[in-house]
Protein chains: 2
Amino acid sequence: MTDSKHTLALMPSGRRGQAPSGTTLLEAARSLGVEIESICGGRQTCGKCQIVVEEGHFPKHAITSTPDHLTPMGPVEAAYLAEHNITGRRLACACDVVGDLLITVPEESQARKQIIAKAATDRVIEVDSAVRQVYVECEAATLEDRWGDWERLQIALVNQWNLKDLAIDPQVLPTFQKVLRDKKAQLANGKLGVTVSIWQESEVLRVQSGYAEGVYGLGVDVGSTTVAAHLCDLRTGEVVATESVMNPQVRYGEDLMSRVSYCMMEPQGVARLNRAIIGALNDLASKAAAKAGITIDDILDIVLVGNTVMHHLLLNIDPVELGGAPFALALGSAFDCKARDLGLKLNVSARVHLLPCIAGHVGADNVAVQVAEQPSKLDDLTLIIDVGTNAEIVLGDRQQVLCASSPTGPAFEGAQITHGQRAAPGAIERVRIDPLTLEPRFKVIGYEDWVEAGDVIEGARATGICGSGIIEVVAEMLLSGIIDTDGRFIEEAKDRSPRVQFNGRTGVYVLAESPQSATGNPIVVTQNDVRAIQLAKGALYVGAKLLMQHRGAETVDRVILAGAFGSYIDPRHAMILGMIPDCDLSKVSAVGNAAGDGARIALLNKGARLEAVRISKTTEHVQTAVHPNFQNEFVGAMAIPHATDPFPHLEGQLPERRIAGRAERRSQRRRMAATT
Amino acid sequence: MTDSKHTLALMPSGRRGQAPSGTTLLEAARSLGVEIESICGGRQTCGKCQIVVEEGHFPKHAITSTPDHLTPMGPVEAAYLAEHNITGRRLACACDVVGDLLITVPEESQARKQIIAKAATDRVIEVDSAVRQVYVECEAATLEDRWGDWERLQIALVNQWNLKDLAIDPQVLPTFQKVLRDKKAQLANGKLGVTVSIWQESEVLRVQSGYAEGVYGLGVDVGSTTVAAHLCDLRTGEVVATESVMNPQVRYGEDLMSRVSYCMMEPQGVARLNRAIIGALNDLASKAAAKAGITIDDILDIVLVGNTVMHHLLLNIDPVELGGAPFALALGSAFDCKARDLGLKLNVSARVHLLPCIAGHVGADNVAVQVAEQPSKLDDLTLIIDVGTNAEIVLGDRQQVLCASSPTGPAFEGAQITHGQRAAPGAIERVRIDPLTLEPRFKVIGYEDWVEAGDVIEGARATGICGSGIIEVVAEMLLSGIIDTDGRFIEEAKDRSPRVQFNGRTGVYVLAESPQSATGNPIVVTQNDVRAIQLAKGALYVGAKLLMQHRGAETVDRVILAGAFGSYIDPRHAMILGMIPDCDLSKVSAVGNAAGDGARIALLNKGARLEAVRISKTTEHVQTAVHPNFQNEFVGAMAIPHATDPFPHLEGQLPERRIAGRAERRSQRRRMAATT
């Protein structure tokens, strides 16, 4: 070993620099800013730091790289590679740099892995989670050393990982000494090998005998109607299971305000709603763990997002103050505590993180949507609508981000709809209606092909209609002249098809006949169902319009439709229905559960939690419910498509049979009066 | 108000200095290093900052002080003083300095009060507790302010008390908004007044409506046999209640090793022992609270000390590793967590602090004894013996402090003694035996006078004998010739008094006859009782001698006898019995429960917790049980007084009738053999 230095270049990052001869490749790479993963801390046992030596002369880097520019393979490394059938690679912790090198660090060896989240616009997540595992070897107890096992482990954690001033959860202590004395921890050198899970470089959450791998976390979007959880491997970022359930609080009230009322009326209300949601999260966690083949003990972190009422009920806080002006949050900032303090049954030492809220009606789910979609980094003025029982609306670009929430009600999640249901196998998720015959075709979740009218397919019997199906069927009913722009059934339609039926003056449309239905009863869309959808989409639309007014924008450049309810919303149908303001259809995209993705991002990346705090502080909140224009806009927005904003670019796509409803006629009269 | 300065002198501290004209007296005193107490933060409502203005010219300070060197009294201050009938005083927060002043700060207004702990050597404790209350006024919620109540309270805590980056316990949240909206919190200025209890300037544990006073803590010595708790006012340092109970773990084993064995043999052992001690602490807490007229919600901090087995069982850690070499502690350092995490039922957010341990057999109780007695600050080489089922022994001075623990067994706490009992009303605590007639007289806890032989006094019927009584009766039995120095009953004694009786070859001494006994049966001391005391005192003595050998000291300058068992031990009897090494009787003192006092000091003073850490790191541990000389010394130490160390200075105080036992005779023979 000399004092000389060698030139190193590291692919794919392209980092290049000098490293002293004799340093391990792991250290050399780190000194050049390339973090190679390691759990075992250089003991040639975890195999996470595999690299490839490129051979040849690389003029660009002025390097001639050969495998013998690394020290030769020792028996431990050779045994590891042989056991795992690995050829053409070295362990970066096991070889020293003795000449110039061009090294490729495969993706799986990069410490801060980047994973791609599936969404309309692929999201890149850098994995840098709050909880991580490290393997350490600590001294065994001796009669001479009067200190305790925990103190010896602390010394090892400082020396081997530079982790200082760590605390240990009291719940770790009862099993701690047994773990250290387990056979798996006994090393040939007399030391004790253990794997320690650490939260935010400050607290020990778990100690396992020997070398162990596997630390998991949950990112959960707690919606008013749907609770959706991603179980993720916190090292790789991989989603190992996704589960969703109905929020069991719906039995106490379908929308937020009815749950707040329940808390006001019922002394045990808060406790019941709290127990219901905590129980649902515990069920989700154990289901997801079973699906992934792990135990709940392996789950050490959970990130929760939700609207402000959900946020408060998770913390067992009475949401009554959110039910009336000034809509005071008990707590709006990001919150960390022990999962057990909320009654969550994960690993007994697991942590919970709640993203911050923005205002009394704009919760951590709105922040999560922004963490996922990052409107503040966009050049285009973008409208993001997260459809749910309480819709989150964001309008922004680099210049300014505005937000609001709109109480749409649960119709889009299938509640308050005669045959509505959650997106689950059997639910009708897409619908088309022939404008001439009024015969429908639909798609059922769990069956690949379209089901044509009259088809009776064993695996495709419908159980109900989920959110995306409801939006499509109502839009199609308008397009085919079954309802008018006021949302009323047109009596003449019953003469065009027996699927349109009237009971007195209220109509009904038969979407699936008895043989196509799993229940044996036809699946229908009623006048009330149409009304529920009109109310919901009107609230959405008005919220969006008020944000645009606040910004002084007549139009937006892009629209992003998000929502946790199964299939993505079809942008065309959403626009026909008047859920969203006018926009070039090619600039409207659907991204699925953006709030859930935001929770997942905050789970996998510590920095995203800080970014969430920044978002909560810089997003401008627009009060919509108390806005003087709200009622006025809302009445107009009930029409399908809403009367104040026709769709010139859809001209020709809409059938001639579209019949103006009363609101549109009234609006037309008003416009005529204004121009004369 | 001008830029001029005035001279201030503050009594009784004598601090003197300049203060700018126009500053409040509270601030001026603080700038001179004199902290005057304030809970309300200068709002003239708590009345804690009362001071007295001295009038006249004070040459020593070169000050002419008059009451009008303070700004005149305003209506709020005048109203406060009138309401509370206070004359001749001002509120330091309510008046500004406008001239030279000599001020007296009464003791109750001093922020870091000094209290005197009752002990042989009075201990001065500076009150600076880990939990304190502050009163703040925070803004009420408005529609314009989108942040939450907690964020508004945080702003107020920063602005009014400079308390930054505070966390809030999740258990505070469910009632938080109701507290802020309670009538008591509503101020005329529209703000909300609340009292916040804060731990270590970092975490909010409690929020109360309006101005509130009263934050309490428990300092507990968890002994193997006796659990003793002091309930203290954390602001004044006052002990508001003292309670003790038998450690209910006794039913699973009387000494430490039998409890460790129980844990080894019984799968549910650890859980049972843990539940027993936690249950006892909960009982103690609620009893002490009831006695003091507070609720357990007012108890926000608890400091626990105990030997290492108690320490581990409190944390639900299996003590099995402490039962065999290398006696590895799971955790030896100071430990902080939530009381609820240990199952303690105090305020739901209360904190717990465990003092550090020193080694596998030397626990936090030894550290606590040192916190109370501070041997490292003494010039005299001092031996401290904390008598208990497991005795803590410390030998030290400024130069070096050594420690050890000795398994004395529970005899000194009344267990394993035929009529032994805990120190409680009815227990015989002092005994004298007439050396001629062998008639006893004794004192009973709860009755002031001595009870003479034959006296039958209604309020002084004995229920048993407690530790101090047992030590005295055995010493007196030796002095009066009932037993010999081997501890054996002398047969001839039965001829001297009917109180000495023999059943075959084993003797018994009748201390209280049936009419004097609460049970109706005589209270006696048996041969086995004497043997149990011999074993216990032998273990104590040997531990002390081994420390002296380690230090290379033939004698010690002082002996301090501590112990949690009711009455103080009488030094003379302890020395006659051979519990302690030879020392001038005037240099032997008894101090009561030093470990409990140490816990109380750490409860009342944050700095003492740091001092405890220093003690745990610098005290040198001497392994006694594995020491090669232990067995040899122990056999000799069984004698009363032990054979190797007669008491030359007691010559003449011992009766002629004292008869050498076999061990002493053997020893005499040995010494004679050695000198010939």
# chains A, B, ... in the order shown; residues from 1 in each chain; ligands from 1
>>> interface_residues(of="chain A", to="chain B", cutoff="6 Å", atoms="only C-alpha atoms", output="PDB file with C-alpha atoms, in the first residue's frame")
ATOM      1  CA  ALA A 141     -20.520  -9.543  28.164  1.00  0.00           C
ATOM      2  CA  THR A 142     -17.569 -10.312  30.408  1.00  0.00           C
ATOM      3  CA  LEU A 143     -17.084 -10.207  34.140  1.00  0.00           C
ATOM      4  CA  ARG A 146     -19.653  -3.944  34.137  1.00  0.00           C
ATOM      5  CA  GLY A 148     -24.978  -3.614  30.019  1.00  0.00           C
ATOM      6  CA  ASP A 149     -25.746  -5.216  26.679  1.00  0.00           C
ATOM      7  CA  TRP A 150     -27.440  -2.046  25.451  1.00  0.00           C
ATOM      8  CA  PRO A 174     -37.948  -7.489  27.385  1.00  0.00           C
ATOM      9  CA  ASN A 316     -58.925  10.356  18.682  1.00  0.00           C
ATOM     10  CA  ILE A 317     -59.654  14.085  18.492  1.00  0.00           C
ATOM     11  CA  PRO A 326     -63.706  29.159  12.292  1.00  0.00           C
ATOM     12  CA  ALA A 328     -60.150  25.260  13.909  1.00  0.00           C
ATOM     13  CA  LEU A 329     -57.832  22.297  13.571  1.00  0.00           C
ATOM     14  CA  ALA A 330     -56.596  20.890  16.863  1.00  0.00           C
ATOM     15  CA  LEU A 331     -53.260  20.241  15.230  1.00  0.00           C
ATOM     16  CA  GLY A 332     -52.222  20.900  11.655  1.00  0.00           C
ATOM     17  CA  ALA A 359     -56.386  24.357   6.800  1.00  0.00           C
TER      18      ALA A 359
END
>>> residues_around(residues="range 441-447 of chain B", least_positions_apart="6", cutoff="8 Å", atoms="only C-alpha atoms", output="list in words")
Ala423, Ala424, Pro425, Gly426, Ala427, Ile428, Glu429, Arg430, Val431, Arg432, Ile433, Ala453, Gly459, Ala460, Arg461 and Ala462 of chain B
>>> write_last_selection(atoms="all heavy atoms", output="short mmCIF file (atom, residue, chain, number, x, y, z; two decimals), in the first residue's frame")
data_model
loop_
_atom_site.label_atom_id
_atom_site.label_comp_id
_atom_site.auth_asym_id
_atom_site.auth_seq_id
_atom_site.Cartn_x
_atom_site.Cartn_y
_atom_site.Cartn_z
N ALA B 423 -41.81 -2.02 59.33
CA ALA B 423 -41.98 -0.91 60.27
C ALA B 423 -43.33 -0.25 60.02
O ALA B 423 -43.53 0.38 59.00
CB ALA B 423 -40.84 0.11 60.07
N ALA B 424 -44.24 -0.46 60.94
CA ALA B 424 -45.60 0.08 60.82
C ALA B 424 -46.15 0.16 62.23
O ALA B 424 -45.60 -0.46 63.15
CB ALA B 424 -46.45 -0.85 59.95
N PRO B 425 -47.21 0.93 62.46
CA PRO B 425 -47.74 1.04 63.82
C PRO B 425 -47.94 -0.35 64.45
O PRO B 425 -48.46 -1.25 63.82
CB PRO B 425 -49.07 1.77 63.62
CG PRO B 425 -48.81 2.63 62.42
CD PRO B 425 -47.93 1.80 61.53
N GLY B 426 -47.49 -0.49 65.69
CA GLY B 426 -47.57 -1.77 66.38
C GLY B 426 -46.25 -2.52 66.43
O GLY B 426 -46.07 -3.42 67.25
N ALA B 427 -45.33 -2.15 65.55
CA ALA B 427 -44.06 -2.87 65.51
C ALA B 427 -43.15 -2.40 66.64
O ALA B 427 -43.04 -1.20 66.92
CB ALA B 427 -43.36 -2.64 64.17
N ILE B 428 -42.46 -3.35 67.28
CA ILE B 428 -41.45 -3.01 68.29
C ILE B 428 -40.22 -2.49 67.56
O ILE B 428 -39.66 -3.19 66.72
CB ILE B 428 -41.11 -4.25 69.14
CG1 ILE B 428 -42.36 -4.68 69.94
CG2 ILE B 428 -39.91 -3.99 70.04
CD1 ILE B 428 -42.18 -5.99 70.70
N GLU B 429 -39.82 -1.25 67.87
CA GLU B 429 -38.71 -0.65 67.12
C GLU B 429 -37.45 -0.44 67.97
O GLU B 429 -36.37 -0.25 67.42
CB GLU B 429 -39.15 0.68 66.48
CG GLU B 429 -39.69 1.68 67.49
CD GLU B 429 -39.91 3.09 66.90
OE1 GLU B 429 -39.41 3.36 65.80
OE2 GLU B 429 -40.57 3.90 67.56
N ARG B 430 -37.62 -0.42 69.28
CA ARG B 430 -36.45 -0.27 70.14
C ARG B 430 -36.61 -1.23 71.32
O ARG B 430 -37.74 -1.47 71.79
CB ARG B 430 -36.30 1.16 70.65
CG ARG B 430 -36.44 2.21 69.53
CD ARG B 430 -35.82 3.52 69.93
NE ARG B 430 -34.37 3.36 70.02
CZ ARG B 430 -33.53 4.34 70.36
NH1 ARG B 430 -34.00 5.53 70.66
NH2 ARG B 430 -32.23 4.13 70.43
N VAL B 431 -35.48 -1.75 71.81
CA VAL B 431 -35.52 -2.74 72.90
C VAL B 431 -34.35 -2.51 73.86
O VAL B 431 -33.22 -2.20 73.42
CB VAL B 431 -35.43 -4.18 72.32
CG1 VAL B 431 -35.43 -5.21 73.47
CG2 VAL B 431 -36.58 -4.47 71.36
N ARG B 432 -34.62 -2.65 75.14
CA ARG B 432 -33.55 -2.70 76.14
C ARG B 432 -33.84 -3.91 77.05
O ARG B 432 -35.01 -4.18 77.36
CB ARG B 432 -33.53 -1.43 77.02
CG ARG B 432 -33.13 -0.17 76.29
CD ARG B 432 -31.64 -0.18 75.88
NE ARG B 432 -31.30 1.04 75.13
CZ ARG B 432 -31.49 1.19 73.82
NH1 ARG B 432 -32.00 0.19 73.10
NH2 ARG B 432 -31.18 2.32 73.22
N ILE B 433 -32.77 -4.64 77.43
CA ILE B 433 -32.94 -5.77 78.35
C ILE B 433 -32.07 -5.51 79.59
O ILE B 433 -30.88 -5.21 79.46
CB ILE B 433 -32.53 -7.10 77.67
CG1 ILE B 433 -33.42 -7.38 76.45
CG2 ILE B 433 -32.61 -8.27 78.67
CD1 ILE B 433 -33.01 -8.60 75.65
N ALA B 453 -41.68 -3.91 81.16
CA ALA B 453 -42.13 -5.29 81.34
C ALA B 453 -43.35 -5.29 82.25
O ALA B 453 -43.36 -4.61 83.27
CB ALA B 453 -41.01 -6.14 81.94
N GLY B 459 -53.02 1.36 73.83
CA GLY B 459 -52.52 1.88 72.54
C GLY B 459 -51.14 1.39 72.18
O GLY B 459 -50.57 1.85 71.20
N ALA B 460 -50.59 0.48 72.96
CA ALA B 460 -49.20 0.10 72.72
C ALA B 460 -49.05 -1.41 72.67
O ALA B 460 -48.01 -1.96 73.02
CB ALA B 460 -48.31 0.69 73.82
N ARG B 461 -50.09 -2.10 72.23
CA ARG B 461 -49.95 -3.55 72.07
C ARG B 461 -49.10 -3.81 70.83
O ARG B 461 -49.33 -3.26 69.77
CB ARG B 461 -51.32 -4.19 71.90
CG ARG B 461 -52.10 -4.30 73.21
CD ARG B 461 -53.32 -5.19 73.01
NE ARG B 461 -54.41 -4.78 73.88
CZ ARG B 461 -54.63 -5.34 75.08
NH1 ARG B 461 -53.85 -6.30 75.52
NH2 ARG B 461 -55.63 -4.92 75.82
N ALA B 462 -48.14 -4.72 70.99
CA ALA B 462 -47.20 -4.97 69.89
C ALA B 462 -47.78 -5.98 68.91
O ALA B 462 -48.45 -6.94 69.30
CB ALA B 462 -45.88 -5.48 70.45
#
>>> select_by_dssp(residues="range 83-220 of chain B", states="strand (DSSP E)", output="PyMOL selection string")
chain B and resi 90-91+101-104+114-117+123-126+131-138+167-168+192-199+203-209+216-220
>>> write_last_selection(atoms="N, CA and C atoms", output="compact mmCIF listing (two decimals), in the first residue's frame")
# COMPACT_ATOMS: atom_id res chain seq x y z
N ARG B 90 -44.49 43.90 46.86
CA ARG B 90 -44.87 44.22 45.49
C ARG B 90 -44.74 42.96 44.65
N LEU B 91 -45.36 42.97 43.48
CA LEU B 91 -45.14 41.89 42.51
C LEU B 91 -44.02 42.35 41.58
N LEU B 101 -32.21 50.44 44.47
CA LEU B 101 -33.10 49.61 45.29
C LEU B 101 -32.33 48.53 46.04
N LEU B 102 -32.75 48.30 47.28
CA LEU B 102 -32.36 47.08 47.98
C LEU B 102 -33.63 46.26 48.16
N ILE B 103 -33.60 45.07 47.61
CA ILE B 103 -34.80 44.23 47.54
C ILE B 103 -34.53 42.94 48.31
N THR B 104 -35.53 42.50 49.05
CA THR B 104 -35.44 41.16 49.62
C THR B 104 -36.38 40.24 48.86
N GLN B 114 -34.42 26.30 47.71
CA GLN B 114 -33.61 25.27 48.33
C GLN B 114 -34.42 24.67 49.46
N ILE B 115 -34.54 23.37 49.47
CA ILE B 115 -35.27 22.75 50.56
C ILE B 115 -34.30 21.88 51.33
N ILE B 116 -34.64 21.66 52.57
CA ILE B 116 -33.79 20.86 53.43
C ILE B 116 -34.44 19.49 53.59
N ALA B 117 -33.73 18.47 53.18
CA ALA B 117 -34.24 17.12 53.37
C ALA B 117 -33.87 16.68 54.78
N ARG B 123 -29.77 17.71 54.07
CA ARG B 123 -29.39 17.82 52.67
C ARG B 123 -30.10 19.00 52.06
N VAL B 124 -29.36 19.78 51.32
CA VAL B 124 -29.94 20.93 50.63
C VAL B 124 -30.24 20.52 49.19
N ILE B 125 -31.49 20.64 48.80
CA ILE B 125 -31.87 20.29 47.42
C ILE B 125 -32.30 21.56 46.71
N GLU B 126 -31.66 21.85 45.59
CA GLU B 126 -32.10 22.98 44.78
C GLU B 126 -33.22 22.48 43.88
N VAL B 131 -40.09 18.60 35.16
CA VAL B 131 -41.40 19.03 34.67
C VAL B 131 -41.77 20.35 35.35
N ARG B 132 -42.20 21.32 34.57
CA ARG B 132 -42.64 22.57 35.19
C ARG B 132 -43.88 23.09 34.45
N GLN B 133 -44.60 23.97 35.15
CA GLN B 133 -45.80 24.57 34.58
C GLN B 133 -45.52 25.98 34.12
N VAL B 134 -46.07 26.35 32.98
CA VAL B 134 -46.03 27.75 32.57
C VAL B 134 -47.43 28.16 32.11
N TYR B 135 -47.76 29.40 32.38
CA TYR B 135 -49.05 29.94 31.94
C TYR B 135 -48.81 30.75 30.68
N VAL B 136 -49.62 30.52 29.67
CA VAL B 136 -49.49 31.28 28.43
C VAL B 136 -50.85 31.76 27.96
N GLU B 137 -50.80 32.81 27.19
CA GLU B 137 -52.03 33.30 26.55
C GLU B 137 -51.84 33.17 25.06
N CYS B 138 -52.68 32.38 24.43
CA CYS B 138 -52.50 32.19 22.99
C CYS B 138 -53.70 32.74 22.23
N ALA B 167 -42.55 19.21 21.42
CA ALA B 167 -43.45 18.15 20.95
C ALA B 167 -44.66 18.13 21.87
N ILE B 168 -45.70 17.46 21.46
CA ILE B 168 -46.87 17.30 22.33
C ILE B 168 -47.22 15.82 22.39
N LEU B 192 -56.77 33.10 24.77
CA LEU B 192 -57.03 31.91 25.57
C LEU B 192 -55.90 31.71 26.55
N GLY B 193 -56.23 31.66 27.84
CA GLY B 193 -55.21 31.46 28.87
C GLY B 193 -55.17 30.00 29.29
N VAL B 194 -54.00 29.39 29.16
CA VAL B 194 -53.87 27.99 29.57
C VAL B 194 -52.55 27.78 30.31
N THR B 195 -52.53 26.75 31.14
CA THR B 195 -51.32 26.39 31.86
C THR B 195 -50.79 25.09 31.25
N VAL B 196 -49.52 25.13 30.87
CA VAL B 196 -48.92 24.02 30.14
C VAL B 196 -47.83 23.39 31.00
N SER B 197 -47.86 22.08 31.15
CA SER B 197 -46.81 21.38 31.87
C SER B 197 -45.82 20.80 30.86
N ILE B 198 -44.54 21.12 31.07
CA ILE B 198 -43.52 20.82 30.08
C ILE B 198 -42.41 19.99 30.70
N TRP B 199 -42.00 18.94 29.99
CA TRP B 199 -40.92 18.07 30.45
C TRP B 199 -39.62 18.43 29.75
N GLU B 203 -41.19 18.66 25.79
CA GLU B 203 -42.45 17.98 25.47
C GLU B 203 -43.60 18.47 26.35
N VAL B 204 -44.72 18.76 25.73
CA VAL B 204 -45.92 19.16 26.48
C VAL B 204 -46.62 17.91 27.00
N LEU B 205 -46.80 17.85 28.31
CA LEU B 205 -47.44 16.69 28.93
C LEU B 205 -48.90 16.95 29.31
N ARG B 206 -49.22 18.22 29.50
CA ARG B 206 -50.57 18.52 29.99
C ARG B 206 -50.90 19.98 29.66
N VAL B 207 -52.17 20.21 29.34
CA VAL B 207 -52.66 21.57 29.12
C VAL B 207 -53.92 21.73 29.97
N GLN B 208 -53.94 22.77 30.79
CA GLN B 208 -55.09 23.01 31.66
C GLN B 208 -55.70 24.38 31.36
N SER B 209 -57.00 24.49 31.50
CA SER B 209 -57.69 25.76 31.24
C SER B 209 -57.30 26.80 32.28
N TYR B 216 -46.90 17.49 40.27
CA TYR B 216 -46.33 16.61 41.29
C TYR B 216 -45.53 15.48 40.66
N GLY B 217 -44.66 14.92 41.48
CA GLY B 217 -43.87 13.78 41.02
C GLY B 217 -43.62 12.83 42.16
N LEU B 218 -43.24 11.59 41.79
CA LEU B 218 -42.95 10.57 42.79
C LEU B 218 -41.48 10.19 42.71
N GLY B 219 -40.84 10.13 43.85
CA GLY B 219 -39.50 9.56 43.94
C GLY B 219 -39.63 8.25 44.69
N VAL B 220 -39.25 7.15 44.05
CA VAL B 220 -39.55 5.85 44.64
C VAL B 220 -38.29 4.99 44.75
>>> select_by_dssp(residues="range 13-196 of chain A", states="alpha helix (DSSP H)", output="JSON, numbers by chain")
{"A": [25, 26, 27, 28, 29, 30, 31, 75, 76, 77, 78, 79, 80, 81, 82, 83, 149, 150, 151, 152, 153, 154, 155, 156, 157, 158, 159, 160, 161, 173, 174, 175, 176, 177, 178, 179, 180, 181]}
>>> write_last_selection(atoms="C-alpha atoms", output="PDB file, in the first residue's frame")
ATOM      1  CA  LEU A  25     -13.972   0.231  -3.173  1.00  0.00           C
ATOM      2  CA  LEU A  26     -17.003   0.833  -0.913  1.00  0.00           C
ATOM      3  CA  GLU A  27     -15.265   3.729   0.840  1.00  0.00           C
ATOM      4  CA  ALA A  28     -13.727   5.043  -2.357  1.00  0.00           C
ATOM      5  CA  ALA A  29     -17.136   5.200  -4.031  1.00  0.00           C
ATOM      6  CA  ARG A  30     -18.626   6.928  -0.994  1.00  0.00           C
ATOM      7  CA  SER A  31     -15.850   9.526  -1.015  1.00  0.00           C
ATOM      8  CA  PRO A  75     -11.970 -16.850   0.741  1.00  0.00           C
ATOM      9  CA  VAL A  76     -15.011 -15.173   2.395  1.00  0.00           C
ATOM     10  CA  GLU A  77     -15.901 -13.199  -0.705  1.00  0.00           C
ATOM     11  CA  ALA A  78     -15.283 -16.179  -2.986  1.00  0.00           C
ATOM     12  CA  ALA A  79     -17.501 -18.355  -0.803  1.00  0.00           C
ATOM     13  CA  TYR A  80     -20.290 -15.773  -0.816  1.00  0.00           C
ATOM     14  CA  LEU A  81     -20.230 -15.378  -4.606  1.00  0.00           C
ATOM     15  CA  ALA A  82     -20.030 -19.138  -5.185  1.00  0.00           C
ATOM     16  CA  GLU A  83     -22.899 -19.838  -2.812  1.00  0.00           C
ATOM     17  CA  ASP A 149     -25.746  -5.216  26.679  1.00  0.00           C
ATOM     18  CA  TRP A 150     -27.440  -2.046  25.451  1.00  0.00           C
ATOM     19  CA  GLU A 151     -24.356   0.023  26.243  1.00  0.00           C
ATOM     20  CA  ARG A 152     -22.140  -2.456  24.366  1.00  0.00           C
ATOM     21  CA  LEU A 153     -24.509  -2.356  21.399  1.00  0.00           C
ATOM     22  CA  GLN A 154     -24.431   1.444  21.459  1.00  0.00           C
ATOM     23  CA  ILE A 155     -20.644   1.410  21.282  1.00  0.00           C
ATOM     24  CA  ALA A 156     -20.793  -0.941  18.285  1.00  0.00           C
ATOM     25  CA  LEU A 157     -23.362   1.284  16.552  1.00  0.00           C
ATOM     26  CA  VAL A 158     -21.154   4.329  17.004  1.00  0.00           C
ATOM     27  CA  ASN A 159     -17.993   2.579  15.863  1.00  0.00           C
ATOM     28  CA  GLN A 160     -19.453   0.666  12.949  1.00  0.00           C
ATOM     29  CA  TRP A 161     -22.182   3.012  11.678  1.00  0.00           C
ATOM     30  CA  LEU A 173     -35.964  -4.432  26.181  1.00  0.00           C
ATOM     31  CA  PRO A 174     -37.948  -7.489  27.385  1.00  0.00           C
ATOM     32  CA  THR A 175     -36.619  -9.685  24.550  1.00  0.00           C
ATOM     33  CA  PHE A 176     -33.324  -7.892  23.996  1.00  0.00           C
ATOM     34  CA  GLN A 177     -30.985 -10.154  25.948  1.00  0.00           C
ATOM     35  CA  LYS A 178     -32.510 -13.330  24.489  1.00  0.00           C
ATOM     36  CA  VAL A 179     -31.962 -11.961  20.969  1.00  0.00           C
ATOM     37  CA  LEU A 180     -28.294 -11.312  21.724  1.00  0.00           C
ATOM     38  CA  ARG A 181     -27.846 -14.777  23.193  1.00  0.00           C
TER      39      ARG A 181
END
>>> residues_around(residues="Gln399 in chain B", least_positions_apart="4", cutoff="12 Å", atoms="only C-alpha atoms", output="VMD selection string")
chain B and resid 375 to 382 395 551 618 to 620
>>> write_last_selection(atoms="C-alpha atoms", output="CSV table (one decimal), in the first residue's frame")
chain,number,residue,atom,x,y,z
B,375,PRO,CA,-19.2,10.5,49.1
B,376,SER,CA,-17.0,11.8,46.3
B,377,LYS,CA,-17.2,15.3,47.9
B,378,LEU,CA,-16.1,14.2,51.4
B,379,ASP,CA,-12.7,14.6,52.9
B,380,ASP,CA,-13.3,11.8,55.4
B,381,LEU,CA,-13.1,8.2,54.1
B,382,THR,CA,-16.7,7.3,54.6
B,395,LEU,CA,-16.6,3.4,50.5
B,551,ARG,CA,-8.8,0.6,49.2
B,618,THR,CA,-16.8,7.0,38.0
B,619,THR,CA,-17.6,4.7,40.9
B,620,GLU,CA,-15.3,1.7,41.0
>>> closest_residue(among="A:Val309, A:Ala339, A:Ala241, A:Asp495", to="Asn282 in chain A", atoms="only C-alpha atoms")
A:Ala339
>>> closest_residue(among="A:Glu55, A:Asp434, A:Glu554, A:Asp449", to="Cys583 in chain A", atoms="only C-alpha atoms")
A:Glu554
>>> atom_distance(atom1="CA of Met264 in chain A", atom2="CA of Asn390 in chain A")
19.8 Å
>>> residues_around(residues="Met638 in chain A", least_positions_apart="6", cutoff="8 Å", atoms="only C-alpha atoms", output="list of chain:residue names")
A:Asp486, A:Gln534, A:Leu535, A:Lys537, A:Gly538
>>> residues_around(residues="His61 in chain A", least_positions_apart="6", cutoff="10 Å", atoms="only C-alpha atoms", output="list in words")
Thr7, Leu8, Ala9, Gly14, Arg16, Gly17, Leu101 and Leu102 of chain A
>>> atom_distance(atom1="CA of Ser4 in chain B", atom2="CA of Leu70 in chain B")
14.5 Å
>>> atom_distance(atom1="CA of Asp255 in chain B", atom2="CA of Gly487 in chain B")
22.7 Å
